[in-house]
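Quick look at protein.tsv (TSV, C-alpha atoms and all ligand atoms):
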chain	number	residue	atom	x	y	z
A	795	MET	CA	1.46	15.26	29.50
A	796	GLY	CA	3.00	13.98	32.74
A	797	THR	CA	5.02	16.19	35.08
A	798	GLN	CA	5.65	14.03	38.17
A	799	LYS	CA	8.09	11.27	37.22
A	800	ILE	CA	7.10	7.72	38.30
A	801	THR	CA	9.98	5.98	40.07
A	802	ASP	CA	8.38	2.86	41.53
A	803	SER	CA	9.91	0.10	39.41
A	804	ALA	CA	7.08	-2.40	40.04
A	805	ARG	CA	4.50	0.21	38.95
A	806	ILE	CA	6.51	1.05	35.82
A	807	LYS	CA	6.74	-2.64	34.87
A	808	GLU	CA	3.00	-2.99	35.42
A	809	LEU	CA	2.29	-0.01	33.14
A	810	VAL	CA	4.64	-1.36	30.46
A	811	ALA	CA	3.07	-4.84	30.62
A	812	GLY	CA	-0.41	-3.32	30.40
A	813	HIS	CA	0.23	-1.91	26.92
A	814	ALA	CA	0.09	-4.49	24.14
A	815	ASN	CA	1.60	-2.71	21.16
A	816	TRP	CA	4.90	-1.07	21.96
A	817	TYR	CA	6.78	0.10	18.88
A	818	HIS	CA	9.73	1.97	20.40
A	819	GLN	CA	12.30	0.76	22.89
A	820	VAL	CA	12.17	3.58	25.46
A	821	GLU	CA	14.24	3.23	28.61
A	822	LEU	CA	11.76	4.29	31.30
A	823	ALA	CA	13.94	3.45	34.29
A	824	PRO	CA	17.24	1.64	34.83
A	825	GLY	CA	16.62	-1.92	33.56
A	826	VAL	CA	13.09	-1.17	32.28
A	827	THR	CA	12.83	-0.64	28.51
A	828	THR	CA	9.58	-0.85	26.55
A	829	PRO	CA	9.56	-4.01	24.40
A	830	GLY	CA	9.16	-2.37	20.98
A	831	SER	CA	9.99	-4.00	17.66
A	832	HIS	CA	11.84	-0.88	16.46
A	833	ASN	CA	15.58	-0.76	17.08
A	834	SER	CA	15.32	2.76	18.49
A	835	SER	CA	18.88	3.18	19.76
A	836	LEU	CA	20.31	2.12	16.38
A	837	GLY	CA	18.06	4.69	14.69
A	838	LEU	CA	19.53	7.31	17.01
A	839	VAL	CA	23.09	6.22	16.13
A	840	TYR	CA	22.27	6.79	12.44
A	841	LEU	CA	20.76	10.22	13.19
A	842	ASP	CA	23.76	11.25	15.29
A	843	ALA	CA	26.04	10.26	12.39
A	844	LEU	CA	23.86	12.47	10.19
A	845	GLY	CA	24.46	15.47	12.44
A	846	LEU	CA	21.63	15.47	14.97
A	847	PRO	CA	22.84	17.99	17.58
A	848	ALA	CA	23.93	16.50	20.92
A	849	ASP	CA	22.98	19.72	22.69
A	850	CYS	CA	19.54	21.05	21.76
A	851	SER	CA	19.27	23.68	24.50
A	852	GLY	CA	17.15	26.59	23.37
A	853	LYS	CA	15.89	24.71	20.29
A	854	ARG	CA	12.26	24.10	19.43
A	855	VAL	CA	11.82	20.60	17.99
A	856	LEU	CA	8.91	18.92	16.18
A	857	ASP	CA	8.73	15.11	16.02
A	858	ILE	CA	6.28	14.11	13.26
A	859	GLY	CA	4.79	10.63	13.67
A	860	CYS	CA	6.18	10.47	17.20
A	861	MET	CA	4.38	7.18	18.04
A	862	ASP	CA	5.56	6.02	21.51
A	863	GLY	CA	7.84	9.07	21.70
A	864	PHE	CA	11.36	7.64	21.72
A	865	PHE	CA	12.79	10.49	19.60
A	866	SER	CA	10.68	13.17	21.32
A	867	PHE	CA	11.91	12.14	24.76
A	868	GLU	CA	15.50	11.95	23.51
A	869	MET	CA	15.32	15.50	22.13
A	870	GLU	CA	13.82	16.66	25.42
A	871	ARG	CA	16.72	14.95	27.23
A	872	ARG	CA	19.06	16.94	24.96
A	873	GLY	CA	17.52	20.18	26.20
A	874	ALA	CA	14.92	21.01	23.52
A	875	GLU	CA	11.35	22.21	23.90
A	876	VAL	CA	9.56	19.41	22.02
A	877	VAL	CA	6.25	19.02	20.25
A	878	GLY	CA	5.28	15.47	19.25
A	879	LEU	CA	2.65	15.06	16.54
A	880	ASP	CA	0.90	11.88	15.44
A	881	TYR	CA	-2.47	11.10	13.92
A	882	ALA	CA	-2.69	8.21	16.37
A	883	ASP	CA	-4.08	9.03	19.80
A	884	PRO	CA	-1.36	8.98	22.52
A	885	GLU	CA	-3.51	6.57	24.55
A	886	ILE	CA	-3.52	4.13	21.62
A	887	THR	CA	0.25	4.33	21.17
A	888	GLY	CA	2.46	4.02	24.24
A	889	PHE	CA	3.13	7.78	24.29
A	890	SER	CA	0.91	8.64	27.27
A	891	ILE	CA	2.34	5.87	29.43
A	892	ALA	CA	5.96	6.68	28.57
A	893	SER	CA	5.36	10.39	29.03
A	894	SER	CA	3.83	9.93	32.49
A	895	VAL	CA	6.57	7.60	33.67
A	896	LEU	CA	9.30	9.97	32.47
A	897	GLY	CA	7.52	13.05	33.82
A	898	SER	CA	7.95	14.49	30.34
A	899	GLN	CA	6.97	18.01	29.27
A	900	VAL	CA	6.71	17.03	25.58
A	901	GLU	CA	3.51	18.53	24.16
A	902	HIS	CA	1.57	15.93	22.17
A	903	HIS	CA	-0.77	16.88	19.33
A	904	THR	CA	-3.08	14.34	17.76
A	905	ALA	CA	-2.97	15.77	14.25
A	906	ASN	CA	-2.13	14.91	10.67
A	907	VAL	CA	1.12	16.00	9.03
A	908	TYR	CA	-1.03	17.71	6.36
A	909	GLU	CA	-2.47	19.98	9.08
A	910	LEU	CA	0.90	21.56	9.86
A	911	SER	CA	0.92	25.34	9.56
A	912	ARG	CA	2.97	28.18	11.01
A	913	GLU	CA	-0.24	29.76	12.34
A	914	ARG	CA	-1.21	26.69	14.39
A	915	PHE	CA	2.16	25.24	15.45
A	916	GLY	CA	4.69	28.08	15.18
A	917	ALA	CA	8.24	27.62	13.84
A	918	PHE	CA	10.74	24.89	14.71
A	919	ASP	CA	14.55	24.85	14.65
A	920	ILE	CA	14.63	21.10	14.09
A	921	VAL	CA	11.98	18.83	12.57
A	922	LEU	CA	12.20	15.05	12.76
A	923	PHE	CA	10.28	13.39	9.93
A	924	LEU	CA	11.13	9.77	10.61
A	925	GLY	CA	9.38	6.66	9.38
A	926	VAL	CA	6.35	8.54	8.03
A	927	LEU	CA	7.02	9.55	4.41
A	928	TYR	CA	6.30	6.16	2.81
A	929	HIS	CA	2.95	5.95	4.64
A	930	LEU	CA	1.69	9.05	2.83
A	931	ARG	CA	-0.44	9.25	-0.29
A	932	ASN	CA	0.82	12.80	-0.94
A	933	PRO	CA	4.51	12.99	-0.02
A	934	MET	CA	5.27	16.33	-1.72
A	935	LEU	CA	2.28	17.98	-0.07
A	936	ALA	CA	3.58	16.70	3.25
A	937	PHE	CA	7.05	18.18	2.60
A	938	ASP	CA	5.38	21.50	1.72
A	939	ARG	CA	3.46	21.44	5.02
A	940	VAL	CA	6.64	20.51	6.92
A	941	ARG	CA	8.57	23.30	5.18
A	942	SER	CA	5.95	25.78	6.37
A	943	VAL	CA	6.88	25.14	10.02
A	944	VAL	CA	10.69	25.01	9.71
A	945	ALA	CA	12.33	28.27	10.83
A	946	ASP	CA	14.58	30.02	8.30
A	947	GLY	CA	17.81	28.04	8.21
A	948	GLY	CA	16.24	25.34	10.42
A	949	LEU	CA	16.92	21.65	9.92
A	950	MET	CA	14.77	18.71	8.86
A	951	PHE	CA	15.88	15.12	9.45
A	952	VAL	CA	14.14	12.55	7.23
A	953	GLU	CA	14.17	8.77	7.48
A	954	THR	CA	12.21	6.58	5.09
A	955	GLN	CA	11.77	3.25	3.42
A	956	LEU	CA	13.57	3.24	0.05
A	957	SER	CA	12.53	1.39	-3.09
A	958	THR	CA	12.82	-2.37	-2.65
A	959	ASP	CA	13.61	-2.85	-6.37
A	960	PRO	CA	17.42	-2.99	-6.84
A	961	THR	CA	17.22	-1.47	-10.35
A	962	VAL	CA	15.17	1.47	-9.08
A	963	HIS	CA	17.20	1.80	-5.89
A	964	ASN	CA	20.53	1.98	-7.69
A	965	SER	CA	19.44	4.32	-10.49
A	966	ASP	CA	20.79	7.88	-10.63
A	967	VAL	CA	17.43	8.95	-12.07
A	968	PRO	CA	15.18	10.40	-9.33
A	969	LEU	CA	12.46	7.72	-9.05
A	970	TRP	CA	9.60	6.92	-6.66
A	971	HIS	CA	8.36	3.34	-6.44
A	972	TYR	CA	4.58	3.06	-6.00
A	973	PHE	CA	3.12	0.18	-3.97
A	974	PRO	CA	-0.55	-0.55	-4.84
A	975	ARG	CA	-2.82	-1.91	-2.15
A	976	SER	CA	-0.81	-3.75	0.54
A	977	THR	CA	2.13	-4.82	-1.59
A	978	LEU	CA	4.83	-3.36	0.68
A	979	HIS	CA	5.12	-5.38	3.89
A	980	GLN	CA	1.38	-6.28	3.74
A	981	ASP	CA	0.59	-2.74	4.94
A	982	GLY	CA	-1.98	-0.77	2.94
A	983	THR	CA	-0.64	2.52	4.33
A	984	ASN	CA	2.69	1.99	2.55
A	985	LYS	CA	2.42	3.86	-0.74
A	986	TRP	CA	5.57	5.59	-2.06
A	987	ALA	CA	9.23	4.72	-1.54
A	988	PRO	CA	11.88	6.76	-3.38
A	989	ASN	CA	15.35	5.79	-4.51
A	990	PRO	CA	18.11	7.90	-2.90
A	991	ALA	CA	18.19	10.26	-5.91
A	992	GLY	CA	14.40	10.65	-5.77
A	993	LEU	CA	14.42	11.40	-2.06
A	994	LYS	CA	17.04	14.14	-2.49
A	995	ALA	CA	15.31	15.66	-5.53
A	996	VAL	CA	11.88	15.90	-3.88
A	997	ILE	CA	13.25	17.34	-0.63
A	998	GLU	CA	15.08	20.00	-2.69
A	999	GLU	CA	11.98	20.73	-4.77
A	1000	CYS	CA	10.24	21.66	-1.48
A	1001	GLU	CA	12.70	24.47	-0.61
A	1002	PHE	CA	15.35	22.61	1.34
A	1003	GLU	CA	19.04	22.17	0.68
A	1004	VAL	CA	20.10	18.58	1.33
A	1005	LEU	CA	23.28	18.74	3.42
A	1006	GLN	CA	23.92	15.05	4.05
A	1007	THR	CA	22.41	11.68	3.14
A	1008	ALA	CA	22.95	8.09	4.21
A	1009	ASP	CA	21.52	4.69	3.28
A	1010	HIS	CA	21.27	1.80	5.70
A	1011	GLY	CA	19.91	-1.21	3.83
A	1012	ASP	CA	16.53	-0.25	2.42
A	1013	ARG	CA	16.19	2.84	4.65
A	1014	GLY	CA	17.29	6.31	3.51
A	1015	TYR	CA	18.26	9.28	5.70
A	1016	ALA	CA	18.67	12.95	4.89
A	1017	ARG	CA	19.57	16.13	6.77
A	1018	ALA	CA	18.29	19.23	5.02
A	1019	ARG	CA	18.29	22.96	5.70
A	1020	ALA	CA	15.30	25.20	4.93
A	1021	ILE	CA	16.02	27.71	2.18
A	1022	ALA	CA	13.96	30.28	0.28
A	1023	ASP	CA	13.67	29.82	-3.50
A	1024	HIS	CA	11.15	32.08	-5.21
A	1025	GLU	CA	10.88	29.98	-8.37
A	1026	LEU	CA	10.11	26.81	-6.39
A	1027	GLU	CA	7.69	28.77	-4.22
A	1028	PHE	CA	5.89	29.99	-7.35
A	1029	PHE	CA	5.29	26.46	-8.63
A	1030	ARG	CA	4.19	25.23	-5.18
A	1031	LYS	CA	1.64	28.03	-4.96
A	1032	LEU	CA	0.52	27.43	-8.56
A	1033	ASP	CA	-0.28	23.80	-7.68
A	1034	SER	CA	-2.28	24.66	-4.58
A	1035	GLY	CA	-4.07	27.86	-5.59
A	1036	SER	CA	-5.81	29.48	-8.52
A	1037	GLY	CA	-5.51	32.66	-10.53
A	1038	MET	CA	-1.70	32.60	-10.82
A	1039	TRP	CA	-1.31	30.92	-14.23
A	1040	GLY	CA	1.14	32.68	-16.57
A	1041	ARG	CA	2.55	35.05	-13.97
B	1101	LIG	C1	6.57	3.70	11.39
B	1101	LIG	S1	6.00	4.76	12.66
B	1101	LIG	C2	7.45	5.77	12.90
B	1101	LIG	C3	7.59	6.22	14.32
B	1101	LIG	C4	8.79	7.11	14.61
B	1101	LIG	N1	8.71	8.38	13.91
B	1101	LIG	C5	10.07	6.39	14.25
B	1101	LIG	O1	10.68	6.72	13.22
B	1101	LIG	O2	10.46	5.49	14.96
B	1101	LIG	C6	4.93	5.87	11.75
B	1101	LIG	C7	4.18	6.84	12.66
B	1101	LIG	O3	3.67	7.87	11.83
B	1101	LIG	C8	2.31	8.10	12.15
B	1101	LIG	N2	1.68	8.64	10.92
B	1101	LIG	C9	1.50	8.02	9.73
B	1101	LIG	N3	0.89	8.83	8.85
B	1101	LIG	C10	0.70	10.00	9.49
B	1101	LIG	C11	0.11	11.23	9.12
B	1101	LIG	N4	-0.42	11.41	7.90
B	1101	LIG	N5	0.07	12.24	10.01
B	1101	LIG	C12	0.57	12.05	11.28
B	1101	LIG	N6	1.13	10.90	11.70
B	1101	LIG	C13	1.20	9.89	10.82
B	1101	LIG	C14	1.78	6.74	12.59
B	1101	LIG	O4	0.63	6.85	13.42
B	1101	LIG	C15	2.99	6.19	13.34
B	1101	LIG	O5	2.96	6.57	14.70

Mind turning the file's structure into structure tokens?
Amino acid sequence: MGTQKITDSARIKELVAGHANWYHQVELAPGVTTPGSHNSSLGLVYLDALGLPADCSGKRVLDIGCMDGFFSFEMERRGAEVVGLDYADPEITGFSIASSVLGSQVEHHTANVYELSRERFGAFDIVLFLGVLYHLRNPMLAFDRVRSVVADGGLMFVETQLSTDPTVHNSDVPLWHYFPRSTLHQDGTNKWAPNPAGLKAVIEECEFEVLQTADHGDRGYARARAIADHELEFFRKLDSGSGMWGR
């Protein structure tokens, strides 16, 4: 994306005002922050408490569902080489504008989380999977695709909507609450929201070890490390291939 930082404050304000749908609050210049609805700095406080490294020098980072790029640009600021991925075009989100103003080197890919593969994207030391999981029809498939691009021992940070039903939310049984049609926040893309036990269980089923979790209201967070587990790998391959039955 951009390489030459824009410093003219009037021009930056004009660019910000020219985009109607900011989601993130990205500080583009002293006193100029994009007017997003998302409390981006609070999200970062929660991730830092979960162990997001302050120094990411030498790390390769993937930000899935990067939207306007708040977390991508923050990881770049912390020294990482960053890839941002979103199925929304960066001209439709505010990513292109923010990237140009910041003179960012973050590489944006317009792609679906289900398209992730080691062959196409390489391996990452840290993957941010924030605010995307509950939008997916196939959450376990997505975790499998994410796992395929996490380097051995690499970290995944997850943030998601949790079940809005107190009985489900508070249960120790791993449960996922399904939202037909547009029954969660009038948004037809919202499909599955786990309880905390369900989030941990599914992440672990996809060859991660959950190192830390946190809940903030109806949002759940997890930090997980990629592991190898041949039994889990067998059942993943069984589900996605053919000819393995009974082995
Ligand atoms: C609620 S926003 C979260 C933005 C950011 N990750 C955060 O946590 O602040 C969800 C983002 O995920 C993207 N998204 C949803 N489903 C996706 C998919 N299947 N593949 C790639 N991106 C997806 C949307 O376009 C949107 O930018």

I'd like a table as a tab-separated table: residues in chain A with an atom no more than 9 Å from ligand LIG 1101 (chain B), each row giving the shortest atom pair and its distance in Å to one decimal, all atoms listed in the file counted, sorted by chain and rising residue number.
residue	atom	partner	partner_atom	distance
A:Tyr817	CA	B:LIG1101	O2	7.6
A:His818	CA	B:LIG1101	O2	6.5
A:His832	CA	B:LIG1101	O2	6.7
A:Asn833	CA	B:LIG1101	O2	8.4
A:Ser834	CA	B:LIG1101	O2	6.6
A:Gly837	CA	B:LIG1101	O2	7.6
A:Asp857	CA	B:LIG1101	N1	7.1
A:Ile858	CA	B:LIG1101	N1	6.3
A:Gly859	CA	B:LIG1101	O3	3.5
A:Cys860	CA	B:LIG1101	N1	4.6
A:Met861	CA	B:LIG1101	O5	3.7
A:Asp862	CA	B:LIG1101	O5	7.3
A:Gly863	CA	B:LIG1101	C4	7.4
A:Phe864	CA	B:LIG1101	O2	7.2
A:Phe865	CA	B:LIG1101	O2	7.2
A:Leu879	CA	B:LIG1101	C12	6.4
A:Asp880	CA	B:LIG1101	N6	3.9
A:Tyr881	CA	B:LIG1101	C12	4.1
A:Ala882	CA	B:LIG1101	O4	4.6
A:Asp883	CA	B:LIG1101	O4	8.2
A:Thr887	CA	B:LIG1101	O5	7.4
A:Thr904	CA	B:LIG1101	C12	7.8
A:Ala905	CA	B:LIG1101	C12	5.9
A:Asn906	CA	B:LIG1101	N5	3.5
A:Val907	CA	B:LIG1101	N5	4.0
A:Tyr908	CA	B:LIG1101	N4	6.5
A:Glu909	CA	B:LIG1101	N5	8.2
A:Leu922	CA	B:LIG1101	N1	7.6
A:Phe923	CA	B:LIG1101	N1	6.6
A:Leu924	CA	B:LIG1101	O1	4.0
A:Gly925	CA	B:LIG1101	O1	4.1
A:Val926	CA	B:LIG1101	O3	4.7
A:Leu927	CA	B:LIG1101	N3	7.6
A:Tyr928	CA	B:LIG1101	N3	8.5
A:His929	CA	B:LIG1101	N3	5.5
A:Leu930	CA	B:LIG1101	N4	6.0
A:Arg931	CA	B:LIG1101	N4	8.5
A:Ala936	CA	B:LIG1101	N4	8.1
A:Glu953	CA	B:LIG1101	O1	7.0
A:Thr954	CA	B:LIG1101	O1	8.3
A:Thr983	CA	B:LIG1101	N3	7.9

Export C-alpha atoms of the chosen residues as a tab-separated table (two decimals), in the coordinates of the input?
chain	number	residue	atom	x	y	z
A	817	TYR	CA	6.78	0.10	18.88
A	818	HIS	CA	9.73	1.97	20.40
A	832	HIS	CA	11.84	-0.88	16.46
A	833	ASN	CA	15.58	-0.76	17.08
A	834	SER	CA	15.32	2.76	18.49
A	837	GLY	CA	18.06	4.69	14.69
A	857	ASP	CA	8.73	15.11	16.02
A	858	ILE	CA	6.28	14.11	13.26
A	859	GLY	CA	4.79	10.63	13.67
A	860	CYS	CA	6.18	10.47	17.20
A	861	MET	CA	4.38	7.18	18.04
A	862	ASP	CA	5.56	6.02	21.51
A	863	GLY	CA	7.84	9.07	21.70
A	864	PHE	CA	11.36	7.64	21.72
A	865	PHE	CA	12.79	10.49	19.60
A	879	LEU	CA	2.65	15.06	16.54
A	880	ASP	CA	0.90	11.88	15.44
A	881	TYR	CA	-2.47	11.10	13.92
A	882	ALA	CA	-2.69	8.21	16.37
A	883	ASP	CA	-4.08	9.03	19.80
A	887	THR	CA	0.25	4.33	21.17
A	904	THR	CA	-3.08	14.34	17.76
A	905	ALA	CA	-2.97	15.77	14.25
A	906	ASN	CA	-2.13	14.91	10.67
A	907	VAL	CA	1.12	16.00	9.03
A	908	TYR	CA	-1.03	17.71	6.36
A	909	GLU	CA	-2.47	19.98	9.08
A	922	LEU	CA	12.20	15.05	12.76
A	923	PHE	CA	10.28	13.39	9.93
A	924	LEU	CA	11.13	9.77	10.61
A	925	GLY	CA	9.38	6.66	9.38
A	926	VAL	CA	6.35	8.54	8.03
A	927	LEU	CA	7.02	9.55	4.41
A	928	TYR	CA	6.30	6.16	2.81
A	929	HIS	CA	2.95	5.95	4.64
A	930	LEU	CA	1.69	9.05	2.83
A	931	ARG	CA	-0.44	9.25	-0.29
A	936	ALA	CA	3.58	16.70	3.25
A	953	GLU	CA	14.17	8.77	7.48
A	954	THR	CA	12.21	6.58	5.09
A	983	THR	CA	-0.64	2.52	4.33

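Remark: for Phe1029 in chain A, the closest of the candidate residues A:Gln798, A:Arg1013, A:Cys1000, A:Cys850 is A:Cys1000 (distances computed over all atoms listed in the file).
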
statement: CA of Asn815 in chain A sits from CA of Ser831 in chain A at a separation of 9.2 Å

task: Go through A:Leu844, A:Leu978, A:Ala1008, A:Leu935 and flag the residue nearest Asp1033 in chain A, using all atoms listed in the file for the distances.
output: A:Leu935

statement: Counting all atoms listed in the file, the residue among A:Glu999, A:Thr961, A:Phe973, A:Phe918 that lies closest to His1024 in chain A is A:Glu999

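Minimum atom-to-atom distances from A:His813, A:Ile891, A:Gln955, A:Lys985 to Asp1009 in chain A were compared using all atoms listed in the file, and the lowest value belongs to A:Gln955.
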
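For the pair CA of Pro990 in chain A and CA of His971 in chain A, the interatomic distance is 11.3 Å.
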
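Between CA of Arg939 in chain A and CA of Ala995 in chain A the separation is 16.9 Å.
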
For Asn932 in chain A, the nearest of the candidates A:Trp986, A:Trp970, A:Trp816, A:Phe889, counting all atoms listed in the file: A:Trp986

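Proximity of A:Pro974, A:Gly1035, A:Gly878, A:Gly947 to Leu1005 in chain A, computed with only C-alpha atoms, is greatest for A:Gly947.
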